[in-house]
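Undergrad: Input file: start12.cif. Contents: mmCIF, C-alpha atoms.
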```
data_protein
#
loop_
_atom_site.label_atom_id
_atom_site.label_comp_id
_atom_site.auth_asym_id
_atom_site.auth_seq_id
_atom_site.Cartn_x
_atom_site.Cartn_y
_atom_site.Cartn_z
CA MET A 1 22.89 10.80 -0.23
CA ALA A 2 21.22 13.57 -2.21
CA SER A 3 19.13 11.06 -4.17
CA SER A 4 17.75 9.55 -0.95
CA GLN A 5 16.83 13.03 0.29
CA ARG A 6 15.14 13.78 -3.02
CA LEU A 7 13.24 10.48 -2.85
CA LEU A 8 12.08 11.24 0.70
CA ARG A 9 10.93 14.73 -0.31
CA VAL A 10 8.92 13.38 -3.25
CA LEU A 11 7.47 10.64 -1.05
CA THR A 12 6.54 13.19 1.63
CA ARG A 13 4.86 15.46 -0.93
CA LEU A 14 2.84 12.53 -2.25
CA GLU A 15 1.84 11.46 1.25
CA ALA A 16 0.90 15.03 2.20
CA SER A 17 -1.22 15.39 -0.94
CA LEU A 18 -3.01 12.13 -0.21
CA ALA A 19 -3.56 13.19 3.42
CA VAL A 20 -5.09 16.48 2.26
CA LEU A 21 -7.29 14.56 -0.15
CA ALA A 22 -8.42 12.17 2.61
CA CYS A 23 -9.14 15.05 5.02
CA SER A 24 -11.02 16.89 2.28
CA ALA A 25 -13.09 13.79 1.57
CA LEU A 26 -13.87 13.49 5.28
CA VAL A 27 -15.00 17.12 5.51
CA LEU A 28 -17.00 16.89 2.29
CA VAL A 29 -18.81 13.74 3.42
CA LEU A 30 -19.64 15.24 6.80
CA VAL A 31 -20.83 18.57 5.36
CA VAL A 32 -22.98 16.88 2.72
CA ASP A 33 -24.52 14.59 5.34
CA VAL A 34 -25.25 17.47 7.74
CA ILE A 35 -26.82 19.53 4.95
CA ALA A 36 -28.87 16.53 3.79
CA VAL A 37 -30.17 15.89 7.31
CA ASP A 38 -30.84 19.55 8.15
CA ILE A 39 -32.39 20.62 4.86
CA PHE A 40 -33.85 17.46 3.37
CA SER A 41 -34.42 15.49 6.59
CA THR A 42 -32.67 12.47 5.19
CA ALA A 43 -29.23 11.03 5.78
CA VAL A 44 -26.83 10.18 2.99
CA ARG A 45 -26.49 6.40 2.92
CA GLY A 46 -23.01 5.29 3.91
CA SER A 47 -21.71 8.73 4.87
CA PRO A 48 -20.59 7.68 8.37
CA GLN A 49 -18.67 4.75 6.89
CA LEU A 50 -17.03 6.95 4.24
CA GLY A 51 -16.15 9.48 6.91
CA VAL A 52 -14.55 6.86 9.12
CA LEU A 53 -12.58 5.34 6.23
CA SER A 54 -11.37 8.79 5.12
CA GLY A 55 -10.35 9.58 8.68
CA ILE A 56 -8.41 6.33 8.99
CA VAL A 57 -6.52 7.04 5.77
CA ALA A 58 -5.76 10.61 6.86
CA CYS A 59 -4.51 9.47 10.28
CA MET A 60 -2.31 6.74 8.84
CA LEU A 61 -0.77 9.19 6.41
CA GLY A 62 -0.24 11.55 9.34
CA LEU A 63 1.96 8.90 10.94
CA THR A 64 4.39 8.87 8.05
CA LEU A 65 4.33 12.66 7.76
CA ALA A 66 5.20 12.92 11.46
CA THR A 67 8.01 10.43 10.96
CA GLY A 68 9.44 12.43 8.07
CA SER A 69 9.29 15.73 9.91
CA GLY A 70 10.63 14.43 13.22
CA VAL A 71 7.63 15.50 15.30
CA HIS A 72 6.58 12.04 16.48
CA PHE A 73 7.03 10.96 20.09
CA ARG A 74 10.47 9.69 21.05
CA PRO A 75 10.92 7.71 24.24
CA THR A 76 13.76 9.08 26.35
CA PHE A 77 14.25 6.15 28.75
CA ALA A 78 17.42 4.99 26.95
CA ASP A 79 19.07 8.42 26.81
CA ASN A 80 21.17 7.64 29.89
CA ILE A 81 22.02 4.11 28.73
CA ILE A 82 23.11 4.83 25.16
CA PRO A 83 25.44 7.75 24.44
CA HIS A 84 23.45 10.70 23.08
CA VAL A 85 25.40 10.62 19.82
CA TRP A 86 24.12 7.10 19.13
CA ALA A 87 20.64 7.38 20.67
CA ASP A 88 18.93 8.77 17.57
CA ARG A 89 20.70 6.37 15.22
CA VAL A 90 19.92 3.32 17.38
CA GLY A 91 16.34 4.54 17.70
CA ASP A 92 16.05 4.86 13.94
CA VAL A 93 17.45 1.36 13.40
CA ILE A 94 14.98 -0.12 15.91
CA SER A 95 12.10 1.91 14.44
CA ALA A 96 13.00 0.87 10.88
CA ALA A 97 13.06 -2.79 11.92
CA LEU A 98 9.74 -2.56 13.77
CA PHE A 99 7.99 -0.66 10.99
CA GLY A 100 9.39 -3.14 8.45
CA VAL A 101 8.07 -6.13 10.41
CA PHE A 102 4.70 -4.44 10.88
CA ALA A 103 4.58 -3.68 7.14
CA VAL A 104 5.08 -7.38 6.33
CA PHE A 105 2.24 -8.33 8.67
CA ALA A 106 0.09 -5.57 7.18
CA VAL A 107 0.64 -6.96 3.68
CA GLU A 108 -0.54 -10.35 4.92
CA PHE A 109 -3.53 -8.70 6.58
CA VAL A 110 -4.56 -6.92 3.36
CA MET A 111 -4.02 -10.07 1.31
CA GLN A 112 -6.30 -12.05 3.63
CA SER A 113 -8.90 -9.31 3.42
CA TYR A 114 -8.72 -9.56 -0.36
CA VAL A 115 -8.89 -13.37 -0.41
CA TYR A 116 -11.82 -13.49 2.00
CA ALA A 117 -13.55 -10.67 0.09
CA ASP A 118 -14.09 -8.56 3.21
CA ARG A 119 -16.55 -5.77 2.55
CA VAL A 120 -17.40 -2.45 4.17
CA PRO A 121 -20.77 -2.77 5.90
CA VAL A 122 -23.57 -0.65 4.42
CA LEU A 123 -21.43 0.39 1.44
CA ASN A 124 -20.91 -3.22 0.38
CA ALA A 125 -17.58 -2.22 -1.17
CA PRO A 126 -14.33 -4.18 -0.91
CA LEU A 127 -12.31 -3.24 2.17
CA TRP A 128 -8.81 -4.01 0.90
CA PRO A 129 -8.42 -0.85 -1.26
CA VAL A 130 -8.70 1.22 1.90
CA GLN A 131 -6.59 -1.17 3.96
CA ILE A 132 -3.74 -0.99 1.45
CA VAL A 133 -2.75 2.33 2.98
CA LEU A 134 -1.57 0.44 6.09
CA PRO A 135 1.35 -1.51 4.56
CA CYS A 136 2.25 1.47 2.37
CA VAL A 137 2.48 3.82 5.35
CA LEU A 138 4.37 1.33 7.49
CA ALA A 139 6.83 0.61 4.66
CA SER A 140 7.29 4.34 4.13
CA CYS A 141 8.06 4.83 7.82
CA ALA A 142 10.52 1.93 7.68
CA LEU A 143 12.20 3.46 4.62
CA LYS A 144 12.45 6.88 6.26
CA HIS A 145 13.93 5.49 9.47
CA THR A 146 16.38 3.39 7.44
CA VAL A 147 17.57 6.48 5.56
CA PHE A 148 17.76 8.42 8.84
CA ALA A 149 19.84 5.64 10.45
CA ILE A 150 22.23 5.53 7.52
CA SER A 151 22.43 9.29 7.10
CA PRO A 152 21.54 11.40 10.14
CA LYS A 153 22.18 14.51 8.00
CA ALA A 154 19.24 13.51 5.80
CA LYS A 155 17.07 13.53 8.89
CA GLU A 156 18.33 16.95 9.93
CA SER A 157 17.74 18.45 6.50
CA LEU A 158 14.19 17.07 6.26
CA VAL A 159 13.31 18.11 9.79
CA ASP A 160 14.73 21.60 9.19
CA LYS A 161 12.67 22.00 6.02
CA ALA A 162 9.52 20.76 7.77
CA SER A 163 9.85 23.35 10.54
#
```
Could you express the structure from this file as structure tokens?
TA:
Amino acid sequence: MASSQRLLRVLTRLEASLAVLACSALVLVLVVDVIAVDIFSTAVRGSPQLGVLSGIVACMLGLTLATGSGVHFRPTFADNIIPHVWADRVGDVISAALFGVFAVFAVEFVMQSYVYADRVPVLNAPLWPVQIVLPCVLASCALKHTVFAISPKAKESLVDKAS
């Protein structure tokens, strides 16, 4: 129980650090491009693409951070069907299964991108290193929901610490 909470805390810190790094990269790229255009009257080649890729990474990491802190949207349509005591646990089981299935498809998606040598337009860089965040984030969400389904107290302790 305590080891799973410790694992989730370490995972959340890593994800938060990567999200800060991605947001910082986005801001840096945009600031450098604006300065280059305003002062030197020239755009930095590939800056819009780098900005978009950094934003995608930051947003995907935000999904798993929201999952870990319990601030994501939760549909309430089943609250009257399933007893309230079980609603969160059933929701976590369903969410873990969905995120797990999506993670498997995301792995296949990234593998195909690698095999077909998909590239980022203008930058001419491989796309799969950026896409790899997708299966990682989805697997992380699946892991978190699995732990929350098994141990609702782990969810409460993480959510309390995030608030």
Undergrad: To one decimal place in Å, what is the distance between atom CA of A:Ala16 and atom CA of A:Leu98?
TA: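 Answer for the atom CA of A:Ala16 to atom CA of A:Leu98 separation: 22.8 Å.
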Undergrad: For stretch 3-77 of chain A against stretch 131-151 of chain A, with a cut-off of 7 Å and counting all atoms listed in the file, what is the closest atom pair and its distance in Å to one decimal for every residue that makes the cut, ordered by chain and number, as a Markdown table?
TA:
```
| residue | atom | partner | partner_atom | distance |
| --- | --- | --- | --- | --- |
| A:Val57 | CA | A:Val133 | CA | 6.6 |
| A:Met60 | CA | A:Val137 | CA | 6.6 |
| A:Leu61 | CA | A:Val137 | CA | 6.4 |
| A:Thr64 | CA | A:Cys141 | CA | 5.5 |
| A:Thr67 | CA | A:Cys141 | CA | 6.4 |
| A:Gly68 | CA | A:Lys144 | CA | 6.6 |
```
Undergrad: Of the candidates A:Gln112, A:Val130, A:Ser95, A:Leu65, which one gets nearest to A:Arg9 if we count all atoms listed in the file?
TA: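 Distance minimum relative to A:Arg9 lands on A:Leu65.
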Undergrad: I need the residue set behind the PyMOL selection byres ((chain A and resi 30-33) around 8) for this file; please write it as a ChimeraX atom specification.
TA: /A:26-29,34-37,43-44,47-48,51
Undergrad: I'd like the interatomic distance between atom CA of A:Ser69 and atom CA of A:Ala19, to a tenth of an Å.
TA: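 The value is 14.6 Å.
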